[in-house]
Amino acid sequence: MKRKILSGAVGLLGLLIFGSLGLMSSPVLAQTVVIHAGTLLAVPGEAPLTKQSIIIEDGKITAIIAGYVNPADYGEDTKMLHLVDQFLLPGLIDAHVHILGELGPRSKLDTVEMNLSELTLRGVMFANRTLQAGFTTIRDLGGSPDMIFGLRNAINKGFVTGPRILASGSGVGVTGGHSDVDGFRYEILELFALPTICDGPYECRGATRKTIKLGADVVKITATGGVLSDTATGTGQQIFDDELVEIVATAHSLGRKVAAHAHDADGIIAALRAGVDSIEHGTYTDAAAIELFIATGAYLVPTLLAGKTVVDMAKNTDIFPPAIKAKALVVGADMLDNFTNAYESGVKIAFGTDSGVSRHGDNAREFLLMQEGGMSPVELIISATINGADLLGLSDEIGTIEVGKTADLIGVNGDPLADISELLDVDFVMARGRVIKEVQ
């Protein structure tokens with residue numbers, strides 16, 4: 001225990017030193033910023049506007065004015081951004097990432113060979129890549145509590161650069177289930193035991209309270225088995241109905257939403273009946289599950305990119321042990337067709353990639369897969385802006401470019417409403433009023 005506490009302290013100290021050196025520290029915002037926007041999609045779903053001026057003060061949008069205003073009218077220290085050739089839209093939201101790691105041949109070794117400071121600072125790198133790709137807000141659904149909450153807080157305080165993070169910390173799950181540690185010898189399993197593994201409804205109530213006490217913005221649960229668990233336990237329901245009810249009721253009573261990892265229909269249905277706010281993956285969503293999605297208003301976060309990634313890895317590499325490879329080839333291949341059925345049936349969709357399975361910074365590739373599943377470009381953009389903000393409970397702050405909201409916006413050279421692949425090459429990024437990436 002002393003070793004864990006000391007390592008965490010060293011990791012935090014490393015972040016503080018890193019920030020104090022100014023390597024990625026946030027500069028003081030200019031008092032006023034004026035943007036001349038050639039094309040502005042202020043509210044996805046509405047018609048774009050042309051020749052607009054956006055006024056930003058202390059990171060907030062204070063005015064949107066037709067035509068190009070004179071920046072000198074706003075003071076001598078006003079910063080001018082001339083983006084008349086850009087198509088501007090709200091910063092993108094990825095509702096399912098794992099920002100601290102990335103799947104590869106060394107993934108398992110990294111967890112035991114790298115210290116907490118290295119792992120956290122690698123997360124800084126992945127966070128910056130994600131932000132550079134135009135994702136100004138992410139929801140991290142599963143990571144070491146001290147590392148992910150430390151990274152979240154460091155970004156909020158301006159010590160390092162990254163997207164806004166809502167984080168769950170370690171997931172709430174059952175012994176031997178998808179949230180539990182697997183694939184190591186016994187002593188390692190015991191060393192890495194998570195504080196949020198539970199069995200029985202009352203123990204799961206306590207685990208939910210524990211994850212919130214540790215700092216969770218959202219509660220992540222694993223209602224079913226998972227592809228990347230190194231156990232041949234399938235992808236059916238793992239958390240029983242009475243446990244699910246206790247977890248959701250406890251989380252909601254403490255003001256937290258619940259995101260449920262779920263592949264098979266039995267787990268999806270049980271989680272929706274318990275009142276979860278979103279289903280992650282939802283691979284085998286069937287007619288009964290769709291009825292519950294519609295009735296409850298829960299979101300589906302499809303993570304099609306993760307499915308494609310694990311299929312490609314299973315076919316083209318030898319990094320997966322047999323238990324994982326068998327699940328990857330089946331589950332990953334089945335995701336797209338079932339997504340199409342859910343979308344066409346009217347299930348609410350929020351954009352999410354499960355990045356960390358795929359490469360950080362490649363998040364926008366999910367748009368192409370969702371488009372293949374039937375969604376139009378405007379629906380895709382809504383899923384990653386308005387819907388994402390609603391799912392995260394941040395609609396008053398992000399998701400659109402409107403007066404009073406945070407200045408999170410991105411720019412591309414072409415029209416993503418005509419060609420969604422424009423979002424794979426974002427040219428301009430502003431996060432909370434700070435320019436992160438400038439047009440070259």
# chains A, B, ... in the order shown; residues from 1 in each chain; ligands from 1
$ select_by_dssp --residues "stretch 38-82 of chain A" --states "strand (DSSP E or B)" --output "PyMOL selection string"
chain A and resi 38-40+44+46+49-57+60-66+79-82
$ residues_around --residues "A:Ala223" --least-positions-apart "2" --cutoff "9 Å" --atoms "only C-alpha atoms" --output "list in words"
Gly173, Gly177, His178, Ile221, Gly225, Gly236, Gln237, Gln238, Ile239, Phe240, Leu244, Ala260, His261, Ala262, His263, Gly267, Ile268, Ala270 and Ala271 of chain A
$ closest_atom_pairs --of "stretch 14-107 of chain A" --to "stretch 403-426 of chain A" --cutoff "8 Å" --atoms "only C-alpha atoms" --output "Markdown table"
| residue | atom | partner | partner_atom | distance |
| --- | --- | --- | --- | --- |
| A:Ile56 | CA | A:Ala407 | CA | 6.9 |
| A:Gly59 | CA | A:Ala407 | CA | 5.6 |
| A:Lys60 | CA | A:Thr406 | CA | 4.6 |
| A:Ile61 | CA | A:Val403 | CA | 5.0 |
| A:Thr62 | CA | A:Val403 | CA | 5.1 |
| A:Ala63 | CA | A:Val403 | CA | 5.6 |
| A:Ile64 | CA | A:Val403 | CA | 7.0 |
| A:Asp85 | CA | A:Asn413 | CA | 6.8 |
| A:Gln86 | CA | A:Asn413 | CA | 5.1 |
| A:Phe87 | CA | A:Val412 | CA | 5.3 |
| A:Leu88 | CA | A:Gly411 | CA | 4.3 |
| A:Leu89 | CA | A:Ile410 | CA | 5.6 |
| A:Pro90 | CA | A:Leu409 | CA | 4.3 |
| A:Gly91 | CA | A:Leu409 | CA | 4.2 |
| A:Leu92 | CA | A:Leu409 | CA | 7.9 |
$ closest_atom_pairs --of "stretch 231-270 of chain A" --to "stretch 182-206 of chain A" --cutoff "8 Å" --atoms "only C-alpha atoms" --output "CSV"
residue,atom,partner,partner_atom,distance
A:Thr231,CA,A:Asp182,CA,7.2
A:Asp242,CA,A:Pro201,CA,5.8
A:Glu243,CA,A:Pro201,CA,4.1
A:Leu244,CA,A:Pro201,CA,7.6
A:Val245,CA,A:Pro201,CA,7.9
A:Glu246,CA,A:Arg205,CA,5.5
A:Ile247,CA,A:Arg205,CA,5.4
A:Thr250,CA,A:Arg205,CA,6.2
$ write_last_selection --atoms "C-alpha atoms" --output "short mmCIF file (atom, residue, chain, number, x, y, z; two decimals), in the first residue's frame"
data_model
loop_
_atom_site.label_atom_id
_atom_site.label_comp_id
_atom_site.auth_asym_id
_atom_site.auth_seq_id
_atom_site.Cartn_x
_atom_site.Cartn_y
_atom_site.Cartn_z
CA THR A 231 -10.94 -15.29 -20.26
CA ASP A 242 -30.50 -7.07 -8.59
CA GLU A 243 -26.89 -5.85 -8.70
CA LEU A 244 -27.63 -3.62 -11.70
CA VAL A 245 -30.62 -2.04 -9.95
CA GLU A 246 -28.53 -1.19 -6.87
CA ILE A 247 -25.67 0.27 -8.92
CA THR A 250 -26.96 4.50 -6.05
#
$ closest_residue --among "A:Gly158, A:Gly101, A:Pro302, A:Gly176" --to "A:Ser144" --atoms "only C-alpha atoms"
A:Gly101
$ closest_residue --among "A:Leu121, A:Ala326, A:Ala265, A:Ile381" --to "A:Ala232" --atoms "only C-alpha atoms"
A:Ala326
$ select_by_dssp --residues "stretch 372-416 of chain A" --states "helix (DSSP H, G or I)" --output "ChimeraX atom specification"
/A:372,377-383,386-392
$ residues_around --residues "A:Arg122" --least-positions-apart "5" --cutoff "10 Å" --atoms "only C-alpha atoms" --output "list in words"
Ile99, Leu100, Gly101, Glu102, Leu116, Ser117, Ala127 and Asn128 of chain A
$ write_last_selection --atoms "C-alpha atoms" --output "PDB file, in the first residue's frame"
ATOM      1  CA  ILE A  99      -6.948   7.849 -22.861  1.00  0.00           C
ATOM      2  CA  LEU A 100      -4.207   6.328 -20.691  1.00  0.00           C
ATOM      3  CA  GLY A 101      -3.322   3.420 -22.979  1.00  0.00           C
ATOM      4  CA  GLU A 102      -3.333   2.020 -26.476  1.00  0.00           C
ATOM      5  CA  LEU A 116       2.651   5.515 -12.760  1.00  0.00           C
ATOM      6  CA  SER A 117       4.392   8.727 -13.785  1.00  0.00           C
ATOM      7  CA  ALA A 127      -4.853  13.475 -24.802  1.00  0.00           C
ATOM      8  CA  ASN A 128      -3.015  16.059 -26.872  1.00  0.00           C
TER       9      ASN A 128
END
$ closest_residue --among "A:Leu292, A:Ala287, A:Ile324, A:Leu272" --to "A:Ser229" --atoms "only C-alpha atoms"
A:Ile324
$ closest_residue --among "A:Ile319, A:Ala72, A:Ala314, A:Val435" --to "A:Gly104" --atoms "only C-alpha atoms"
A:Ile319
$ decode --residues "stretch 231-268 of chain A" --atoms "N, CA and C atoms" --output "short mmCIF file (atom, residue, chain, number, x, y, z; two decimals), in the first residue's frame"
data_model
loop_
_atom_site.label_atom_id
_atom_site.label_comp_id
_atom_site.auth_asym_id
_atom_site.auth_seq_id
_atom_site.Cartn_x
_atom_site.Cartn_y
_atom_site.Cartn_z
N THR A 231 -10.23 -14.16 -20.86
CA THR A 231 -10.94 -15.29 -20.26
C THR A 231 -12.00 -15.75 -21.25
N ALA A 232 -12.23 -17.04 -21.33
CA ALA A 232 -13.24 -17.58 -22.24
C ALA A 232 -14.59 -17.61 -21.54
N THR A 233 -15.09 -16.43 -21.17
CA THR A 233 -16.34 -16.33 -20.42
C THR A 233 -17.47 -15.73 -21.25
N GLY A 234 -17.25 -15.56 -22.56
CA GLY A 234 -18.31 -15.10 -23.43
C GLY A 234 -18.64 -13.63 -23.27
N THR A 235 -19.71 -13.21 -23.92
CA THR A 235 -20.13 -11.80 -23.89
C THR A 235 -21.56 -11.65 -23.41
N GLY A 236 -22.04 -12.63 -22.65
CA GLY A 236 -23.38 -12.56 -22.08
C GLY A 236 -23.41 -11.80 -20.76
N GLN A 237 -24.59 -11.71 -20.16
CA GLN A 237 -24.78 -10.93 -18.93
C GLN A 237 -23.91 -11.46 -17.81
N GLN A 238 -23.23 -10.54 -17.10
CA GLN A 238 -22.37 -10.91 -15.98
C GLN A 238 -22.82 -10.28 -14.65
N ILE A 239 -23.32 -9.05 -14.69
CA ILE A 239 -23.86 -8.42 -13.49
C ILE A 239 -25.35 -8.76 -13.42
N PHE A 240 -25.78 -9.38 -12.32
CA PHE A 240 -27.17 -9.81 -12.21
C PHE A 240 -28.12 -8.62 -12.06
N ASP A 241 -29.39 -8.89 -12.32
CA ASP A 241 -30.39 -7.83 -12.33
C ASP A 241 -30.43 -7.05 -11.01
N ASP A 242 -30.40 -7.77 -9.87
CA ASP A 242 -30.50 -7.07 -8.59
C ASP A 242 -29.26 -6.21 -8.34
N GLU A 243 -28.11 -6.64 -8.82
CA GLU A 243 -26.89 -5.85 -8.70
C GLU A 243 -26.97 -4.60 -9.57
N LEU A 244 -27.49 -4.76 -10.79
CA LEU A 244 -27.63 -3.62 -11.70
C LEU A 244 -28.55 -2.56 -11.11
N VAL A 245 -29.67 -2.99 -10.53
CA VAL A 245 -30.62 -2.04 -9.95
C VAL A 245 -29.96 -1.23 -8.84
N GLU A 246 -29.20 -1.89 -7.97
CA GLU A 246 -28.53 -1.19 -6.87
C GLU A 246 -27.48 -0.20 -7.39
N ILE A 247 -26.71 -0.61 -8.38
CA ILE A 247 -25.67 0.27 -8.92
C ILE A 247 -26.28 1.53 -9.51
N VAL A 248 -27.30 1.37 -10.33
CA VAL A 248 -27.90 2.52 -11.01
C VAL A 248 -28.59 3.43 -10.02
N ALA A 249 -29.35 2.86 -9.10
CA ALA A 249 -30.05 3.68 -8.11
C ALA A 249 -29.07 4.47 -7.26
N THR A 250 -27.97 3.82 -6.87
CA THR A 250 -26.96 4.50 -6.05
C THR A 250 -26.28 5.62 -6.83
N ALA A 251 -25.89 5.33 -8.06
CA ALA A 251 -25.23 6.35 -8.88
C ALA A 251 -26.14 7.55 -9.09
N HIS A 252 -27.37 7.30 -9.45
CA HIS A 252 -28.31 8.40 -9.71
C HIS A 252 -28.59 9.21 -8.45
N SER A 253 -28.63 8.53 -7.31
CA SER A 253 -28.89 9.25 -6.06
C SER A 253 -27.73 10.19 -5.72
N LEU A 254 -26.55 9.89 -6.23
CA LEU A 254 -25.38 10.73 -5.99
C LEU A 254 -25.06 11.62 -7.20
N GLY A 255 -26.02 11.76 -8.11
CA GLY A 255 -25.88 12.70 -9.22
C GLY A 255 -24.96 12.25 -10.34
N ARG A 256 -24.78 10.95 -10.51
CA ARG A 256 -23.91 10.43 -11.56
C ARG A 256 -24.71 9.61 -12.56
N LYS A 257 -24.42 9.79 -13.85
CA LYS A 257 -25.00 8.94 -14.87
C LYS A 257 -24.24 7.62 -14.92
N VAL A 258 -24.87 6.63 -15.57
CA VAL A 258 -24.29 5.29 -15.64
C VAL A 258 -24.14 4.88 -17.09
N ALA A 259 -22.93 4.49 -17.46
CA ALA A 259 -22.62 3.96 -18.79
C ALA A 259 -22.39 2.47 -18.67
N ALA A 260 -23.13 1.68 -19.43
CA ALA A 260 -23.07 0.22 -19.31
C ALA A 260 -22.43 -0.40 -20.55
N HIS A 261 -21.23 -0.95 -20.37
CA HIS A 261 -20.66 -1.83 -21.39
C HIS A 261 -21.57 -3.03 -21.52
N ALA A 262 -22.05 -3.32 -22.75
CA ALA A 262 -22.94 -4.47 -22.94
C ALA A 262 -22.89 -4.92 -24.39
N HIS A 263 -22.66 -6.20 -24.60
CA HIS A 263 -22.64 -6.78 -25.95
C HIS A 263 -23.91 -7.59 -26.23
N ASP A 264 -24.15 -8.66 -25.46
CA ASP A 264 -25.28 -9.53 -25.75
C ASP A 264 -26.60 -8.91 -25.31
N ALA A 265 -27.68 -9.34 -25.96
CA ALA A 265 -28.99 -8.73 -25.73
C ALA A 265 -29.45 -8.87 -24.29
N ASP A 266 -29.13 -10.01 -23.62
CA ASP A 266 -29.61 -10.18 -22.25
C ASP A 266 -29.06 -9.10 -21.33
N GLY A 267 -27.78 -8.79 -21.47
CA GLY A 267 -27.17 -7.75 -20.65
C GLY A 267 -27.64 -6.35 -21.01
N ILE A 268 -27.85 -6.11 -22.30
CA ILE A 268 -28.35 -4.81 -22.75
C ILE A 268 -29.74 -4.57 -22.15
#
